[in-house]
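Colleague: Have a look at this one.
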Amino acid sequence: MSTSADPAATHSSTAAPYFDPLWSAILDIGRDGGTGGYRRYAWSDPDLTLREWFRDCAATRSMDVEEDRNGNLWAWWLPRTWLGEPKGAFVTGSHLDSVPDGGAFDGPLGIVSAFVAVDLLRSKGIEPSVPVAVVAFSDEEGARFGVACIGSQLSIGALAPERALGLRDIDGITVAEAMIRAGRDPRTLGRDTALVDRVGIFVELHIEQGRALDVVDRPLALASAIWPHGRWEFDFAGEANHAGATRLVDRHDPMLPFAAAAIAARSEAAAVGAVATFGKVLVSPNGTNAIPSRVRAWLDARAADQPTLDALVTRIAEHADTHAATEGVGVAIRTESVTPVVDFPAEPRARLAAALAHLGDIPVIPTQAGHDAGILAAVVPTAMLFVRNPSGTSHSPAEHAETTDCHVGAAALADVMRAWVTTGSAQPSA
């Protein structure tokens, strides 16, 4: 990327001295030495270490930190004359947790960029007229307890605290138990009644989880929408038996209908332009020479609209039922979570585009991935910025963004923040 020809690169060079040290400080936290991927699960030691890093970043900038009732972290930059509780704030950030062996950028890029945006405004002597917050939402990926966006879902009331507390990880530890071990009180979980008043806009910067920007050779994009998506548990119950001594005709093998469902997920999704994946499987007793007694598998399915998604999951379930009946296997299908389509509002997106007009054309693209911004969109205005991912790979150690593009993203977020907080209406000081 040539700094002499590209206005984005020239502009973003100011972000490098702030971005690079912050980014380097967290690169080794939760990273697996064997795979090179990250294992930053909710309420684990790496997650707690990152939370302390967040607090240190805020303290360095004299920002007040609070951990809300759902474990989400907020770092506040208030106007000097502000009185009382924050209201109508410009909020930006993302999440710190990862999927198993995930990449470095998914989530943390948005939080590092948020602190950098604060640094860039302060370096120019800018004082906000409305509160500014950097937020780290808890357990966005759902990697440990199976439900995504727990922190933001709890905050808007979309997830009942009773259900959240009872969720278990693969070792049988509940959310409640994990929080207690981390020194938190799980009884606090629940809807954040102050959220709507506090947040005037939530802008989430995130690495693109596809290759749309690489194809058009642009470092940034604005989000138009998030596809509807969900997770379903398929529980196949068969009969354990000897893998060598049991005749094929006498078997009730749950692995067979599961395999049929996995193949059907691919073919049915392809037929309607959707995506469907069985990415997590638990087999019992999980012995090489044993016919399984049970296979639990989790389907992740996403489509451009809700009717297509509903029909897709129904067809996959029908394949599971048919093949289970053929093998004399029981099957139970449970909806774990469903997130409807999110259409990001046009007015905030137009304001972001205006703030970034000096960078030239900013593409507007939909995303198939879920985000905290999509959850919060149900109650407050939200918008998203994407940073180019030339690999097109995410939820993998191969996820990548060029450092120069990260600088562009952080500087762009600072431009958006500046435009928002210098044109807003400040609370009277008396």
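FYI, nothing fancy with the structure tokens labels: chains A, B, ... in order, residues from 1 per chain, ligands from 1 as they appear.
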Excluding stretch 415-419 of chain A and its own-chain neighbours fewer than 6 positions away, which residues fall within 8 Å of it when counting only C-alpha atoms? Please give them as a PDB file with N, CA, C and O atoms, in the first residue's frame.
Modeller:
```
ATOM      1  N   PHE A  90     -21.374   7.885  22.738  1.00  0.00           N
ATOM      2  CA  PHE A  90     -20.766   7.213  21.583  1.00  0.00           C
ATOM      3  C   PHE A  90     -20.004   6.021  22.138  1.00  0.00           C
ATOM      4  O   PHE A  90     -19.019   6.185  22.869  1.00  0.00           O
ATOM      5  N   ALA A 117      -8.561   5.121  18.925  1.00  0.00           N
ATOM      6  CA  ALA A 117      -9.392   6.256  18.510  1.00  0.00           C
ATOM      7  C   ALA A 117      -9.439   7.316  19.608  1.00  0.00           C
ATOM      8  O   ALA A 117      -9.348   8.527  19.329  1.00  0.00           O
ATOM      9  N   LEU A 121      -7.961  11.239  19.206  1.00  0.00           N
ATOM     10  CA  LEU A 121      -8.721  12.460  19.495  1.00  0.00           C
ATOM     11  C   LEU A 121      -8.014  13.297  20.553  1.00  0.00           C
ATOM     12  O   LEU A 121      -7.895  14.513  20.424  1.00  0.00           O
ATOM     13  N   ILE A 126      -8.953  17.211  21.343  1.00  0.00           N
ATOM     14  CA  ILE A 126     -10.416  17.208  21.191  1.00  0.00           C
ATOM     15  C   ILE A 126     -11.078  16.777  22.492  1.00  0.00           C
ATOM     16  O   ILE A 126     -10.725  15.744  23.083  1.00  0.00           O
ATOM     17  N   PRO A 128     -14.727  15.657  24.032  1.00  0.00           N
ATOM     18  CA  PRO A 128     -16.044  15.233  23.545  1.00  0.00           C
ATOM     19  C   PRO A 128     -17.166  16.042  24.178  1.00  0.00           C
ATOM     20  O   PRO A 128     -17.079  16.451  25.337  1.00  0.00           O
ATOM     21  N   LEU A 352     -21.668   7.767   9.292  1.00  0.00           N
ATOM     22  CA  LEU A 352     -20.333   7.176   9.215  1.00  0.00           C
ATOM     23  C   LEU A 352     -19.714   7.417   7.844  1.00  0.00           C
ATOM     24  O   LEU A 352     -18.533   7.773   7.732  1.00  0.00           O
ATOM     25  N   ALA A 355     -18.444  10.915   7.558  1.00  0.00           N
ATOM     26  CA  ALA A 355     -17.219  11.128   8.324  1.00  0.00           C
ATOM     27  C   ALA A 355     -15.997  10.541   7.623  1.00  0.00           C
ATOM     28  O   ALA A 355     -14.866  10.968   7.870  1.00  0.00           O
ATOM     29  N   LEU A 356     -16.234   9.572   6.737  1.00  0.00           N
ATOM     30  CA  LEU A 356     -15.129   8.890   6.055  1.00  0.00           C
ATOM     31  C   LEU A 356     -15.040   9.253   4.583  1.00  0.00           C
ATOM     32  O   LEU A 356     -14.301   8.612   3.828  1.00  0.00           O
TER      33      LEU A 356
END
```
Colleague: Identify, with DSSP run on backbone atoms, the residues in stretch 169-257 of chain A assigned to strand (DSSP E or B), and express the list as a ChimeraX atom specification.
Modeller: /A:174,199-207,220-226,229-237,241-242
Colleague: Could the residues in this selection be written to a file with N, CA, C and O atoms, as a tab-separated table (two decimals), in the first residue's frame?
Modeller:
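Output saved as part.tsv:
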```tsv
chain	number	residue	atom	x	y	z
A	174	THR	N	-21.10	-24.97	34.99
A	174	THR	CA	-22.12	-24.02	34.59
A	174	THR	C	-21.55	-22.61	34.52
A	174	THR	O	-20.49	-22.32	35.08
A	199	VAL	N	-26.57	4.55	25.78
A	199	VAL	CA	-25.95	4.38	24.47
A	199	VAL	C	-26.70	5.19	23.42
A	199	VAL	O	-27.86	4.91	23.12
A	200	GLY	N	-26.02	6.17	22.85
A	200	GLY	CA	-26.60	6.92	21.74
A	200	GLY	C	-26.34	6.25	20.42
A	200	GLY	O	-27.17	6.29	19.51
A	201	ILE	N	-25.17	5.60	20.31
A	201	ILE	CA	-24.80	4.84	19.11
A	201	ILE	C	-23.74	3.84	19.53
A	201	ILE	O	-22.89	4.14	20.37
A	202	PHE	N	-23.82	2.62	18.99
A	202	PHE	CA	-22.76	1.63	19.18
A	202	PHE	C	-22.16	1.33	17.82
A	202	PHE	O	-22.86	0.88	16.91
A	203	VAL	N	-20.86	1.60	17.67
A	203	VAL	CA	-20.14	1.35	16.42
A	203	VAL	C	-19.11	0.26	16.69
A	203	VAL	O	-18.20	0.46	17.51
A	204	GLU	N	-19.25	-0.86	16.04
A	204	GLU	CA	-18.32	-1.98	16.23
A	204	GLU	C	-17.42	-2.11	15.01
A	204	GLU	O	-17.90	-2.29	13.89
A	205	LEU	N	-16.11	-2.01	15.25
A	205	LEU	CA	-15.14	-2.29	14.19
A	205	LEU	C	-14.72	-3.74	14.31
A	205	LEU	O	-14.41	-4.22	15.40
A	206	HIS	N	-14.67	-4.44	13.18
A	206	HIS	CA	-14.41	-5.88	13.19
A	206	HIS	C	-13.69	-6.28	11.92
A	206	HIS	O	-13.88	-5.67	10.86
A	207	ILE	N	-12.84	-7.28	12.03
A	207	ILE	CA	-12.24	-7.83	10.83
A	207	ILE	C	-13.33	-8.46	9.98
A	207	ILE	O	-14.28	-9.06	10.49
A	220	LEU	N	-11.62	-0.89	3.86
A	220	LEU	CA	-12.73	-0.71	4.80
A	220	LEU	C	-14.07	-0.92	4.13
A	220	LEU	O	-14.20	-0.72	2.91
A	221	ALA	N	-15.06	-1.29	4.93
A	221	ALA	CA	-16.44	-1.35	4.45
A	221	ALA	C	-17.38	-1.01	5.60
A	221	ALA	O	-17.02	-1.11	6.78
A	222	LEU	N	-18.59	-0.61	5.25
A	222	LEU	CA	-19.68	-0.43	6.20
A	222	LEU	C	-20.63	-1.62	6.08
A	222	LEU	O	-20.80	-2.18	4.99
A	223	ALA	N	-21.24	-1.98	7.18
A	223	ALA	CA	-22.17	-3.12	7.18
A	223	ALA	C	-23.57	-2.67	6.83
A	223	ALA	O	-24.05	-1.65	7.34
A	224	SER	N	-24.24	-3.42	6.00
A	224	SER	CA	-25.64	-3.16	5.68
A	224	SER	C	-26.58	-4.02	6.50
A	224	SER	O	-27.65	-3.58	6.91
A	225	ALA	N	-26.17	-5.28	6.75
A	225	ALA	CA	-27.07	-6.22	7.44
A	225	ALA	C	-26.28	-7.42	7.93
A	225	ALA	O	-25.15	-7.66	7.51
A	226	ILE	N	-26.91	-8.16	8.85
A	226	ILE	CA	-26.39	-9.46	9.31
A	226	ILE	C	-27.44	-10.52	8.99
A	226	ILE	O	-28.62	-10.36	9.30
A	229	HIS	N	-29.39	-16.25	11.70
A	229	HIS	CA	-28.58	-17.45	11.93
A	229	HIS	C	-28.97	-18.08	13.26
A	229	HIS	O	-29.64	-17.47	14.09
A	230	GLY	N	-28.54	-19.32	13.44
A	230	GLY	CA	-28.88	-20.00	14.69
A	230	GLY	C	-28.06	-21.25	14.89
A	230	GLY	O	-27.27	-21.65	14.03
A	231	ARG	N	-28.28	-21.86	16.06
A	231	ARG	CA	-27.59	-23.10	16.43
A	231	ARG	C	-28.63	-24.09	16.93
A	231	ARG	O	-29.51	-23.74	17.71
A	232	TRP	N	-28.49	-25.33	16.47
A	232	TRP	CA	-29.42	-26.39	16.86
A	232	TRP	C	-28.63	-27.61	17.30
A	232	TRP	O	-27.66	-28.02	16.64
A	233	GLU	N	-29.06	-28.24	18.40
A	233	GLU	CA	-28.43	-29.46	18.87
A	233	GLU	C	-29.21	-30.66	18.34
A	233	GLU	O	-30.42	-30.76	18.54
A	234	PHE	N	-28.51	-31.58	17.69
A	234	PHE	CA	-29.07	-32.84	17.21
A	234	PHE	C	-28.53	-33.94	18.13
A	234	PHE	O	-27.32	-34.15	18.22
A	235	ASP	N	-29.44	-34.64	18.79
A	235	ASP	CA	-29.05	-35.67	19.76
A	235	ASP	C	-29.53	-37.03	19.24
A	235	ASP	O	-30.73	-37.33	19.26
A	236	PHE	N	-28.58	-37.84	18.76
A	236	PHE	CA	-28.89	-39.16	18.20
A	236	PHE	C	-28.61	-40.22	19.27
A	236	PHE	O	-27.48	-40.33	19.75
A	237	ALA	N	-29.62	-41.00	19.62
A	237	ALA	CA	-29.49	-42.02	20.67
A	237	ALA	C	-29.56	-43.41	20.05
A	237	ALA	O	-30.60	-43.80	19.49
A	241	ASN	N	-22.28	-51.12	21.31
A	241	ASN	CA	-22.04	-52.54	21.09
A	241	ASN	C	-20.62	-52.70	20.55
A	241	ASN	O	-19.92	-51.72	20.27
A	242	HIS	N	-20.22	-53.94	20.40
A	242	HIS	CA	-18.86	-54.26	19.95
A	242	HIS	C	-18.73	-53.98	18.45
A	242	HIS	O	-19.54	-54.46	17.65
```
Colleague: Within 9 Å of A:Leu282, counting only C-alpha atoms, which residues show up once you throw out same-chain ones fewer than 5 positions away? Write them as a list in words, please.
Modeller: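 Near neighbours after the sequence-gap exclusion: Arg294, Val295, Arg296 and Ala297 of chain A.
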Colleague: Measuring atom to atom with only C-alpha atoms, identify which of A:Val134, A:Ala301, A:Val331, A:Leu213 is nearest to A:His252.
Modeller: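 Smallest distance to A:His252 is found for A:Val331.
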Colleague: Show which residues sit within 10 Å of stretch 393-410 of chain A, as number ranges by chain. Count only C-alpha atoms, and ignore same-chain residues fewer than 6 positions away.
Modeller: A: 1, 3, 7-20, 23, 31-32, 35-38, 98-106, 109-118, 120, 141, 205-211, 218-221, 359, 385-387, 416
Colleague: Between atom CA of A:Asp192 and atom CA of A:Asn72, what is the distance in Å, rounded to a tenth?
Modeller: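 Separation of atom CA of A:Asp192 and atom CA of A:Asn72: 10.7 Å.
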Colleague: Which residues are near stretch 304-316 of chain A? Cut-off 7 Å, only C-alpha atoms, ignore same chain within fewer than 4 positions. Put them as a ChimeraX atom specification.
Modeller: /A:227-228,261,264-265,268-269,274,320,340-341
Colleague: What is the atom CA of A:Phe344 to atom CA of A:Ala136 distance in Å?
Modeller: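 Value for the atom CA of A:Phe344-atom CA of A:Ala136 distance: 20.4 Å.
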Colleague: Using only C-alpha atoms, which residue out of A:Val379, A:Val175, A:Ala260, A:Val283 lies closest to A:Asp321?
Modeller: A:Ala260
